[in-house]
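Source file: data39.cif (mmCIF, C-alpha atoms)
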data_protein
loop_
_atom_site.group_PDB
_atom_site.id
_atom_site.type_symbol
_atom_site.label_atom_id
_atom_site.label_comp_id
_atom_site.auth_asym_id
_atom_site.auth_seq_id
_atom_site.Cartn_x
_atom_site.Cartn_y
_atom_site.Cartn_z
ATOM 1 C CA MET A 1 131.749 118.486 80.027
ATOM 2 C CA PHE A 2 128.658 120.257 78.684
ATOM 3 C CA GLY A 3 129.725 119.451 75.118
ATOM 4 C CA ALA A 4 129.845 115.732 75.914
ATOM 5 C CA LEU A 5 126.436 115.961 77.601
ATOM 6 C CA ASN A 6 124.925 117.666 74.574
ATOM 7 C CA ARG A 7 126.360 115.007 72.268
ATOM 8 C CA PHE A 8 124.910 112.291 74.504
ATOM 9 C CA ILE A 9 121.455 113.917 74.450
ATOM 10 C CA SER A 10 121.572 114.351 70.670
ATOM 11 C CA ARG A 11 122.534 110.668 70.315
ATOM 12 C CA LEU A 12 119.489 109.706 72.391
ATOM 13 C CA ASP A 13 117.278 111.908 70.241
ATOM 14 C CA ALA A 14 118.619 110.268 67.090
ATOM 15 C CA ASP A 15 118.293 106.709 68.442
ATOM 16 C CA PRO A 16 114.892 105.314 67.384
ATOM 17 C CA SER A 17 115.057 102.580 70.033
ATOM 18 C CA ALA A 18 115.228 105.208 72.793
ATOM 19 C CA GLN A 19 111.998 106.846 71.665
ATOM 20 C CA LYS A 20 108.481 105.545 72.011
ATOM 21 C CA PRO A 21 106.875 105.061 68.595
ATOM 22 C CA SER A 22 104.020 107.385 67.726
ATOM 23 C CA SER A 23 100.883 106.062 66.039
ATOM 24 C CA SER A 24 99.693 109.485 64.888
ATOM 25 C CA GLY A 25 99.130 109.408 61.119
ATOM 26 C CA ALA A 26 100.787 105.983 60.698
ATOM 27 C CA TYR A 27 99.227 102.985 58.969
ATOM 28 C CA GLY A 28 99.861 99.273 58.889
ATOM 29 C CA PHE A 29 98.289 95.926 58.138
ATOM 30 C CA GLN A 30 96.230 95.085 61.211
ATOM 31 C CA VAL A 31 95.951 91.395 62.041
ATOM 32 C CA LEU A 32 92.299 90.353 61.878
ATOM 33 C CA ARG A 33 92.709 86.585 62.019
ATOM 34 C CA ASN A 34 95.661 84.242 62.554
ATOM 35 C CA VAL A 35 95.404 80.483 61.990
ATOM 36 C CA ASN A 36 99.171 79.965 61.924
ATOM 37 C CA THR A 37 100.119 78.830 65.427
ATOM 38 C CA ASP A 38 103.829 79.189 64.627
ATOM 39 C CA LEU A 39 103.487 82.898 63.889
ATOM 40 C CA ALA A 40 103.348 85.108 66.984
ATOM 41 C CA LEU A 41 100.793 87.651 65.752
ATOM 42 C CA GLU A 42 97.812 88.672 67.878
ATOM 43 C CA PRO A 43 94.572 89.736 66.206
ATOM 44 C CA TRP A 44 93.517 93.349 66.748
ATOM 45 C CA PHE A 45 96.618 94.217 68.814
ATOM 46 C CA ASP A 46 99.356 93.695 66.175
ATOM 47 C CA PHE A 47 100.071 95.678 62.997
ATOM 48 C CA VAL A 48 102.629 94.654 60.378
ATOM 49 C CA ILE A 49 104.427 97.889 59.472
ATOM 50 C CA GLY A 50 107.545 96.513 57.777
ATOM 51 C CA ILE A 51 108.867 93.521 55.867
ATOM 52 C CA ASN A 52 112.480 92.446 55.330
ATOM 53 C CA GLY A 53 113.831 95.649 56.842
ATOM 54 C CA ARG A 54 111.658 98.017 54.740
ATOM 55 C CA THR A 55 108.754 100.097 55.994
ATOM 56 C CA ILE A 56 105.383 99.390 54.391
ATOM 57 C CA ASP A 57 104.112 102.712 53.053
ATOM 58 C CA SER A 58 101.587 101.501 50.469
ATOM 59 C CA ALA A 59 98.035 100.371 51.097
ATOM 60 C CA ASP A 60 98.135 98.049 48.074
ATOM 61 C CA PRO A 61 97.866 94.526 49.514
ATOM 62 C CA THR A 62 99.242 92.957 46.319
ATOM 63 C CA LEU A 63 102.663 94.462 46.949
ATOM 64 C CA PHE A 64 102.790 92.893 50.379
ATOM 65 C CA ALA A 65 101.501 89.556 49.048
ATOM 66 C CA THR A 66 104.053 89.597 46.210
ATOM 67 C CA GLU A 67 106.910 90.175 48.632
ATOM 68 C CA VAL A 68 105.736 87.223 50.702
ATOM 69 C CA LYS A 69 105.458 84.945 47.642
ATOM 70 C CA ASN A 70 108.934 85.930 46.458
ATOM 71 C CA CYS A 71 110.304 84.646 49.769
ATOM 72 C CA ALA A 72 108.580 81.229 49.522
ATOM 73 C CA GLY A 73 110.721 78.528 51.073
ATOM 74 C CA THR A 74 112.781 81.021 53.050
ATOM 75 C CA THR A 75 112.363 83.149 56.164
ATOM 76 C CA ILE A 76 111.081 86.716 56.192
ATOM 77 C CA SER A 77 111.298 89.365 58.884
ATOM 78 C CA LEU A 78 108.259 91.374 59.888
ATOM 79 C CA GLY A 79 108.222 94.659 61.776
ATOM 80 C CA VAL A 80 105.254 94.558 64.138
ATOM 81 C CA TYR A 81 103.679 97.397 66.100
ATOM 82 C CA SER A 82 101.813 96.198 69.201
ATOM 83 C CA ALA A 83 99.009 98.055 70.930
ATOM 84 C CA LYS A 84 100.119 96.389 74.177
ATOM 85 C CA GLY A 85 102.543 98.939 75.515
ATOM 86 C CA GLN A 86 102.807 100.722 72.124
ATOM 87 C CA VAL A 87 106.105 99.034 71.222
ATOM 88 C CA ILE A 88 107.701 97.764 68.002
ATOM 89 C CA ARG A 89 109.264 94.330 67.702
ATOM 90 C CA GLU A 90 110.689 92.181 64.916
ATOM 91 C CA ILE A 91 109.649 88.591 64.284
ATOM 92 C CA TYR A 92 110.742 85.981 61.760
ATOM 93 C CA ALA A 93 108.410 83.680 59.845
ATOM 94 C CA SER A 94 108.979 80.757 57.489
ATOM 95 C CA VAL A 95 107.015 81.030 54.234
ATOM 96 C CA PRO A 96 105.807 77.686 52.808
ATOM 97 C CA HIS A 97 106.084 76.992 49.076
ATOM 98 C CA ASP A 98 102.430 76.294 48.328
ATOM 99 C CA GLN A 99 100.546 78.498 50.784
ATOM 100 C CA GLY A 100 100.631 81.897 52.459
ATOM 101 C CA LEU A 101 101.204 82.953 56.046
ATOM 102 C CA GLY A 102 97.741 81.934 57.256
ATOM 103 C CA VAL A 103 96.981 85.492 58.444
ATOM 104 C CA GLN A 104 94.215 87.880 57.398
ATOM 105 C CA PHE A 105 95.221 91.561 57.285
ATOM 106 C CA GLN A 106 93.511 94.930 56.825
ATOM 107 C CA TRP A 107 95.130 98.289 56.051
ATOM 108 C CA THR A 108 94.243 100.353 59.123
ATOM 109 C CA PRO A 109 95.565 103.448 60.939
ATOM 110 C CA LEU A 110 97.494 102.586 64.081
ATOM 111 C CA ASN A 111 95.553 105.023 66.243
ATOM 112 C CA VAL A 112 92.376 102.896 66.118
ATOM 113 C CA VAL A 113 93.757 100.915 69.059
ATOM 114 C CA GLU A 114 93.806 104.112 71.128
ATOM 115 C CA ASP A 115 90.007 103.999 71.497
ATOM 116 C CA VAL A 116 89.996 101.833 74.625
ATOM 117 C CA TRP A 117 88.258 102.378 77.951
ATOM 118 C CA HIS A 118 89.933 101.377 81.199
ATOM 119 C CA ILE A 119 87.638 99.896 83.856
ATOM 120 C CA LEU A 120 88.463 101.618 87.146
ATOM 121 C CA ASP A 121 86.103 101.414 90.137
ATOM 122 C CA VAL A 122 83.208 98.947 89.904
ATOM 123 C CA MET A 123 80.200 99.544 92.152
ATOM 124 C CA PRO A 124 78.725 96.540 93.980
ATOM 125 C CA ASN A 125 75.571 95.034 92.441
ATOM 126 C CA SER A 126 75.925 97.269 89.393
ATOM 127 C CA PRO A 127 75.510 96.038 85.799
ATOM 128 C CA ALA A 128 79.319 96.046 85.465
ATOM 129 C CA ASP A 129 79.653 93.970 88.635
ATOM 130 C CA VAL A 130 77.011 91.500 87.502
ATOM 131 C CA ALA A 131 78.723 91.169 84.098
ATOM 132 C CA GLY A 132 82.026 90.296 85.802
ATOM 133 C CA LEU A 133 84.139 93.320 84.868
ATOM 134 C CA LEU A 134 87.364 93.455 86.878
ATOM 135 C CA PRO A 135 88.507 96.856 88.186
ATOM 136 C CA TYR A 136 91.875 98.273 87.070
ATOM 137 C CA SER A 137 92.759 95.240 84.924
ATOM 138 C CA ASP A 138 89.988 95.177 82.284
ATOM 139 C CA TYR A 139 89.950 97.273 79.105
ATOM 140 C CA VAL A 140 87.002 97.628 76.715
ATOM 141 C CA ILE A 141 88.617 97.413 73.265
ATOM 142 C CA GLY A 142 85.569 97.051 71.008
ATOM 143 C CA SER A 143 82.114 95.680 70.413
ATOM 144 C CA PRO A 144 80.500 93.497 67.747
ATOM 145 C CA GLU A 145 77.468 95.798 67.950
ATOM 146 C CA GLY A 146 79.258 98.750 66.324
ATOM 147 C CA LEU A 147 82.417 100.846 66.088
ATOM 148 C CA LEU A 148 83.688 102.681 69.161
ATOM 149 C CA THR A 149 85.320 105.913 68.041
ATOM 150 C CA GLY A 150 86.341 108.833 70.185
ATOM 151 C CA ASP A 151 85.798 109.599 73.859
ATOM 152 C CA ALA A 152 82.003 109.402 73.582
ATOM 153 C CA GLY A 153 81.948 106.245 71.462
ATOM 154 C CA LEU A 154 81.247 103.844 74.321
ATOM 155 C CA GLY A 155 78.733 106.170 75.963
ATOM 156 C CA GLU A 156 76.720 106.496 72.776
ATOM 157 C CA LEU A 157 76.606 102.718 72.360
ATOM 158 C CA VAL A 158 75.533 102.260 75.987
ATOM 159 C CA GLU A 159 72.692 104.770 75.541
ATOM 160 C CA GLU A 160 71.510 102.881 72.471
ATOM 161 C CA PHE A 161 71.472 99.545 74.332
ATOM 162 C CA THR A 162 69.887 100.700 77.599
ATOM 163 C CA GLU A 163 67.874 97.866 79.127
ATOM 164 C CA ARG A 164 69.152 95.568 76.371
ATOM 165 C CA PRO A 165 72.100 93.127 76.348
ATOM 166 C CA LEU A 166 75.280 94.710 75.013
ATOM 167 C CA ARG A 167 78.298 92.642 73.957
ATOM 168 C CA LEU A 168 81.761 94.066 74.575
ATOM 169 C CA PHE A 169 85.235 92.806 73.796
ATOM 170 C CA VAL A 170 87.191 93.108 77.065
ATOM 171 C CA TYR A 171 90.933 92.574 77.432
ATOM 172 C CA ASN A 172 92.494 91.730 80.808
ATOM 173 C CA HIS A 173 96.173 92.633 81.014
ATOM 174 C CA GLU A 174 96.907 90.591 84.157
ATOM 175 C CA TYR A 175 95.943 87.309 82.510
ATOM 176 C CA ASP A 176 96.609 88.508 78.930
ATOM 177 C CA VAL A 177 93.275 87.239 77.593
ATOM 178 C CA THR A 178 90.413 88.790 75.620
ATOM 179 C CA ARG A 179 86.856 87.702 76.344
ATOM 180 C CA LEU A 180 83.354 88.596 75.192
ATOM 181 C CA VAL A 181 81.299 90.145 78.011
ATOM 182 C CA THR A 182 77.534 90.648 77.880
ATOM 183 C CA ILE A 183 76.300 93.554 79.981
ATOM 184 C CA THR A 184 72.826 95.081 80.283
ATOM 185 C CA PRO A 185 73.016 98.853 80.897
ATOM 186 C CA ALA A 186 70.320 100.114 83.277
ATOM 187 C CA LYS A 187 69.571 103.433 84.929
ATOM 188 C CA ASN A 188 67.447 102.093 87.791
ATOM 189 C CA TRP A 189 69.907 99.592 89.257
ATOM 190 C CA GLY A 190 70.310 101.730 92.416
ATOM 191 C CA GLY A 191 73.433 103.763 91.682
ATOM 192 C CA GLU A 192 74.995 106.268 89.326
ATOM 193 C CA GLY A 193 75.498 105.628 85.633
ATOM 194 C CA ALA A 194 74.071 103.020 83.324
ATOM 195 C CA LEU A 195 77.056 100.677 83.808
ATOM 196 C CA GLY A 196 77.887 101.379 87.436
ATOM 197 C CA CYS A 197 81.644 101.733 86.910
ATOM 198 C CA VAL A 198 84.222 104.481 86.464
ATOM 199 C CA LEU A 199 85.865 104.582 83.028
ATOM 200 C CA GLY A 200 89.272 105.978 82.078
ATOM 201 C CA TYR A 201 90.062 107.180 78.560
ATOM 202 C CA GLY A 202 93.098 108.805 76.982
ATOM 203 C CA ALA A 203 96.876 108.560 76.977
ATOM 204 C CA LEU A 204 97.054 107.488 80.621
ATOM 205 C CA HIS A 205 94.659 104.586 80.050
ATOM 206 C CA ARG A 206 96.124 102.855 76.993
ATOM 207 C CA VAL A 207 96.564 99.103 76.998
ATOM 208 C CA PRO A 208 99.813 98.367 78.870
ATOM 209 C CA ALA A 209 102.342 95.720 78.001
ATOM 210 C CA SER A 210 101.309 92.272 79.140
ATOM 211 C CA LEU A 211 102.893 90.840 82.245
ATOM 212 C CA THR A 212 105.841 88.526 81.636
ATOM 213 C CA GLU A 213 104.457 86.021 84.137
ATOM 214 C CA PRO A 214 100.858 85.321 85.196
ATOM 215 C CA PRO A 215 99.862 86.305 88.737
ATOM 216 C CA GLN A 216 100.542 83.681 91.360
ATOM 217 C CA ALA A 217 97.664 81.504 92.453
ATOM 218 C CA PRO A 218 97.166 80.693 96.144
ATOM 219 C CA GLY A 219 99.711 78.140 97.310
ATOM 220 C CA GLU A 220 102.214 78.778 94.523
ATOM 221 C CA THR A 221 105.784 79.890 95.117
ATOM 222 C CA LEU A 222 106.174 83.626 94.598
ATOM 223 C CA PHE A 223 109.983 83.827 94.859
ATOM 224 C CA ASP A 224 112.509 81.242 93.743
ATOM 225 C CA THR A 225 115.572 81.140 95.968
ATOM 226 C CA GLY A 226 117.566 79.186 93.412
ATOM 227 C CA VAL A 227 118.711 76.652 96.020
ATOM 228 C CA ALA A 228 118.283 73.081 94.883
ATOM 229 C CA ASP A 229 116.471 70.681 97.131
ATOM 230 C CA GLY A 230 118.875 68.554 99.113
ATOM 231 C CA PRO A 231 120.134 67.779 102.605
ATOM 232 C CA HIS A 232 120.672 70.761 104.891
ATOM 233 C CA GLN A 233 123.891 71.469 106.713
ATOM 234 C CA ASP A 234 124.269 72.546 110.289
ATOM 235 C CA SER A 235 126.820 74.987 111.691
ATOM 236 C CA THR A 236 129.522 72.303 111.717
ATOM 237 C CA GLY A 237 129.108 71.640 108.007
ATOM 238 C CA LYS A 238 127.557 68.191 108.459
ATOM 239 C CA SER A 239 124.642 67.281 106.242
ATOM 240 C CA GLN A 240 121.270 66.956 107.878
ATOM 241 C CA ASP A 241 118.199 65.342 106.364
ATOM 242 C CA ALA A 242 114.935 67.258 106.124
ATOM 243 C CA ALA A 243 113.238 64.739 108.415
ATOM 244 C CA ASP A 244 115.732 65.548 111.173
ATOM 245 C CA PHE A 245 115.843 69.251 110.372
ATOM 246 C CA LEU A 246 112.085 69.936 110.652
ATOM 247 C CA VAL A 247 110.163 68.227 113.452
ATOM 248 C CA PRO A 248 106.454 69.031 113.952
ATOM 249 C CA ALA A 249 105.646 70.509 117.353
ATOM 250 C CA ASN A 250 102.745 68.129 117.971
ATOM 251 C CA MET A 251 104.669 65.012 117.017
ATOM 252 C CA PRO A 252 105.284 62.744 120.056
ATOM 253 C CA PHE A 253 108.740 61.280 120.188
ATOM 254 C CA ALA A 254 110.747 59.512 122.904
ATOM 255 C CA SER A 255 113.573 61.446 124.478
ATOM 256 C CA PRO A 256 116.991 59.895 123.864
ATOM 257 C CA THR A 257 118.413 57.770 126.682
ATOM 258 C CA PRO A 258 121.384 59.516 128.349
ATOM 259 C CA PRO A 259 124.699 57.623 128.434
ATOM 260 C CA PRO A 260 125.661 55.947 131.734
ATOM 261 C CA PRO A 261 127.827 58.105 134.035
ATOM 262 C CA SER A 262 131.498 57.256 134.198
ATOM 263 C CA SER A 263 133.142 56.261 137.487
ATOM 264 C CA GLY A 264 134.190 59.109 139.709
ATOM 265 C CA ALA A 265 131.921 61.600 137.995
ATOM 266 C CA PRO A 266 129.526 63.703 140.067
ATOM 267 C CA PRO A 267 125.856 62.653 140.196
ATOM 268 C CA ILE A 268 123.664 63.647 137.281
ATOM 269 C CA GLY A 269 121.679 66.817 137.915
ATOM 270 C CA LYS A 270 124.165 68.403 140.361
ATOM 271 C CA ALA A 271 126.867 69.318 137.945
ATOM 272 C CA LYS A 272 127.035 73.021 137.194
ATOM 273 C CA LYS A 273 127.908 74.328 133.835
ATOM 274 C CA ALA A 274 130.985 76.484 133.926
ATOM 275 C CA ARG A 275 130.454 79.994 132.730
ATOM 276 C CA ALA A 276 132.636 81.213 129.960
ATOM 277 C CA HIS A 277 134.357 84.484 130.829
ATOM 278 C CA HIS A 278 135.512 86.388 127.850
ATOM 279 C CA PRO A 279 138.144 89.074 128.351
ATOM 280 C CA PRO A 280 137.033 92.549 127.366
ATOM 281 C CA PRO A 281 138.369 93.871 124.097
ATOM 282 C CA ALA A 282 141.691 95.638 124.152
ATOM 283 C CA GLY A 283 141.432 99.371 124.830
ATOM 284 C CA PHE A 284 138.230 99.254 126.867
ATOM 285 C CA ASP A 285 140.082 99.258 130.219
ATOM 286 C CA ASP A 286 141.831 102.525 129.418
ATOM 287 C CA TYR A 287 138.560 103.984 128.214
ATOM 288 C CA PHE A 288 136.747 103.078 131.442
ATOM 289 C CA LYS A 289 139.626 104.317 133.618
ATOM 290 C CA GLU A 290 139.647 107.659 131.835
ATOM 291 C CA GLY A 291 135.894 108.014 132.287
ATOM 292 C CA GLU A 292 136.168 107.104 135.986
ATOM 293 C CA GLN A 293 138.932 109.682 136.507
ATOM 294 C CA LYS A 294 136.876 112.429 134.868
ATOM 295 C CA SER A 295 133.887 111.500 137.001
ATOM 296 C CA ARG A 296 135.959 111.765 140.209
ATOM 297 C CA GLU A 297 137.344 115.157 139.188
ATOM 298 C CA ALA A 298 133.827 116.404 138.474
ATOM 299 C CA ASP A 299 132.619 115.167 141.868
ATOM 300 C CA GLY A 300 135.533 116.880 143.628
ATOM 301 C CA ALA A 301 134.797 120.187 141.927
ATOM 302 C CA THR A 302 131.110 120.249 142.784
ATOM 303 C CA THR A 303 131.067 118.648 146.261
ATOM 304 C CA PRO A 304 131.350 121.296 149.058
ATOM 305 C CA LYS A 305 134.040 120.856 151.680
ATOM 306 C CA PRO A 306 133.029 120.008 155.253
ATOM 307 C CA GLY A 307 134.523 123.248 156.694
ATOM 308 C CA ASN A 308 132.468 125.521 154.464
ATOM 309 C CA SER A 309 129.188 123.745 154.961
ATOM 310 C CA LEU A 310 126.199 125.784 156.072
ATOM 311 C CA PRO A 311 124.710 125.153 159.525
ATOM 312 C CA PRO A 312 121.657 122.971 159.612
ATOM 313 C CA PRO A 313 118.282 124.685 159.852
ATOM 314 C CA PRO A 314 116.772 125.072 163.402
ATOM 315 C CA LYS A 315 114.407 122.420 164.563
ATOM 316 C CA GLY A 316 110.778 123.239 165.311
ATOM 317 C CA PRO A 317 108.752 126.313 164.455
ATOM 318 C CA PRO A 318 110.297 129.754 165.087
ATOM 319 C CA LYS A 319 109.464 131.352 168.465
ATOM 320 C CA ALA A 320 107.515 134.539 168.584
ATOM 321 C CA ALA A 321 109.380 137.633 169.837
ATOM 322 C CA ASP A 322 108.473 138.956 173.300
#
Let me see the file written as C-alpha cells.
Amino acid sequence: MFGALNRFISRLDADPSAQKPSSSGAYGFQVLRNVNTDLALEPWFDFVIGINGRTIDSADPTLFATEVKNCAGTTISLGVYSAKGQVIREIYASVPHDQGLGVQFQWTPLNVVEDVWHILDVMPNSPADVAGLLPYSDYVIGSPEGLLTGDAGLGELVEEFTERPLRLFVYNHEYDVTRLVTITPAKNWGGEGALGCVLGYGALHRVPASLTEPPQAPGETLFDTGVADGPHQDSTGKSQDAADFLVPANMPFASPTPPPPSSGAPPIGKAKKARAHHPPPAGFDDYFKEGEQKSREADGATTPKPGNSLPPPPKGPPKAAD
C-alpha cells in the first residue's frame, strides 16, 4: 500500500499541471498594448512564455517575430502566464497574411507583477477614502509617476508626492477592471499614515484569479433553480396558472357562491366534519402493554402493604410530663 502511495506522490511531483508555476528567475514577453480584440491577452497581466509548444528562452524579439511570420495564414498556439492567480494557460490565435498580431511586447521578468499592494482597511475621511479606494478588493499595481519596486516602493513614492496629486493604477478583482486613481497623500488629514489605509504586500497579497461571474447587483437573481417558467402543479398533478397560484393578500375578491343544498341534507353550518381515526401502527400495542405491565410491577414492589403501615402521628402538641 505504501509503495502505491509513494508512486502516486511521485506522479504528482512530476506532473507540471499539479504544481503552481514559479516566476522566480523566469522571463517572458509582457503584453504592453493589445489592439487585437480577437486575441485574449491583457496588458500588464499576461506574459507570452511559449509559442507552438516550445518555451521562449531568448530575449531576441526577431526570433519571436519570425516564428509568427512563418505561421501567416494559419493558427499559432501561445503559452501565456497570467499574474491573476499566477496560472499558465494556452490560447490560439490566427495570424493574418499581411499584418502581425496587433500586440506590443516587452521582454520582462515575470516577478515584476509581484510588486503589488493590497488595499485592506480604509479609514473614513482619509485620502484613500476620498480617492475611492475599495477595501479588500483593490490592488495598486503601478503608477505612471515612476516604478514601484520592492516592499518600500510605494511608500517612497508616497513620501515624494506628499500634499501633491499622485496617480496610481488600481486593479479591482471583483469587477475585473483596472482604473487610474488620483490620490493626494497628506499627514494632517486627522489619522495615521499619509494615505489612511492599511496595505498588504507579499505572497499572501498577490493578485488573485478574477471571478468567473461579476457580483450580483441588487434585485438580480443570485441562484438559478433551473426550472423553466410555466404553469405550476398542485398535489393532484393538475396544472395551475401563476395568477391562481399567487394571490396578493390585499387584493379584494368575492368569495365563491356555495352550491345549493340537496334535498334531505342537514342545514348548512350544523354539519360536523367526521374525524379520521387512524389505527396505530402494528407493534405499538404490545409495546404499550409491556410498559404498562412493568409499571404495575414496579408499583407493587414499592407500595407498602396496609398491614405493615406505620401508625399515624398523634394530633396536637405533645403533653408535658407531670
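Every residue that the PyMOL selection byres ((chain A and resi 68) around 10) selects in this file is listed here: Ile51, Asn52, Thr62, Leu63, Phe64, Ala65, Thr66, Glu67, Lys69, Asn70, Cys71, Ala72, Thr74, Thr75, Ile76, Ser94, Val95, Pro96, Gly100 and Leu101 of chain A.
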Applied to the shown file, which residues does the PyMOL selection byres ((chain A and resi 163-171) around 6) return, written as a PyMOL selection string?
chain A and resi 138-143+161-162+172+177-186
Can you translate the PyMOL selection byres ((chain A and resi 115) around 12) into the concrete residues it hits in this file, as a PyMOL selection string?
chain A and resi 83+109-114+116-118+139-143+147-154+200-203+205-207
At a cut-off of 7 Å around the point (93.6, 89.3, 63.0) (file coordinates), what residues fall inside when counting all atoms listed in the file? I'd like the answer as a PyMOL selection string.
chain A and resi 30-34+42-44+103-105
Go ahead and dump the residues you just picked, C-alpha atoms, as a CSV table (one decimal), in the frame of the given file.
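Wrote it out as selection-v8.csv, contents follow:
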chain,number,residue,atom,x,y,z
A,30,GLN,CA,96.2,95.1,61.2
A,31,VAL,CA,96.0,91.4,62.0
A,32,LEU,CA,92.3,90.4,61.9
A,33,ARG,CA,92.7,86.6,62.0
A,34,ASN,CA,95.7,84.2,62.6
A,42,GLU,CA,97.8,88.7,67.9
A,43,PRO,CA,94.6,89.7,66.2
A,44,TRP,CA,93.5,93.3,66.7
A,103,VAL,CA,97.0,85.5,58.4
A,104,GLN,CA,94.2,87.9,57.4
A,105,PHE,CA,95.2,91.6,57.3
Please provide the set of residues having any atom within 7 Å of A:Gly28, restricted to all atoms listed in the file, with same-chain residues fewer than 4 positions apart removed, written as a compact mmCIF listing (two decimals) with C-alpha atoms, in the frame of the given file.
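Ended up saving to selection22.txt:
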# COMPACT_ATOMS: atom_id res chain seq x y z
CA PHE A 47 100.07 95.68 63.00
CA VAL A 48 102.63 94.65 60.38
CA ILE A 49 104.43 97.89 59.47
CA TRP A 107 95.13 98.29 56.05
CA THR A 108 94.24 100.35 59.12
CA PRO A 109 95.56 103.45 60.94
CA LEU A 110 97.49 102.59 64.08
Would you work out the distance separating atom CA of A:Glu156 from atom CA of A:His173, expressed in Å to one decimal?
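So the answer is 25.3 Å.
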Spatial neighbours of A:Pro124, 12 Å, all atoms listed in the file, chain gap at least 5 places, as a list in words:
Asp129, Val130, Ala131, Gly132, Leu133, Leu134, Pro135, Trp189, Gly190, Gly191, Glu192, Leu195, Gly196 and Cys197 of chain A
Counting all atoms listed in the file, I want the residues whose atoms come within 8 Å of (103.3, 102.0, 76.9) in the file frame, returned as a list in words.
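The distance filter leaves exactly Lys20, Lys84, Gly85, Gln86, Val87, Arg206, Val207, Pro208 and Ala209 of chain A.
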Please, what distance in Å, to one decimal, runs between atom CA of A:Asn125 and atom CA of A:Glu174?
23.3 Å
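For the set A:Val35, A:Ser210, A:Glu90, A:Gly25, the residue with the smallest atom-to-atom gap to A:Arg54 is A:Glu90, counting all atoms listed in the file.
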If I take atom CA of A:Pro144 and atom CA of A:Ser58, how far is one from the other in Å, to one decimal?
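These two atoms are separated by 28.4 Å.
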Please report, as AutoDock Vina command-line options, the centre and edge lengths in Å to one decimal of an axis-aligned box covering all listed atoms of stretch 43-53 of chain A with 3 Å per side.
--center_x 103.7 --center_y 93.8 --center_z 62.1 --size_x 26.3 --size_y 14.2 --size_z 19.5
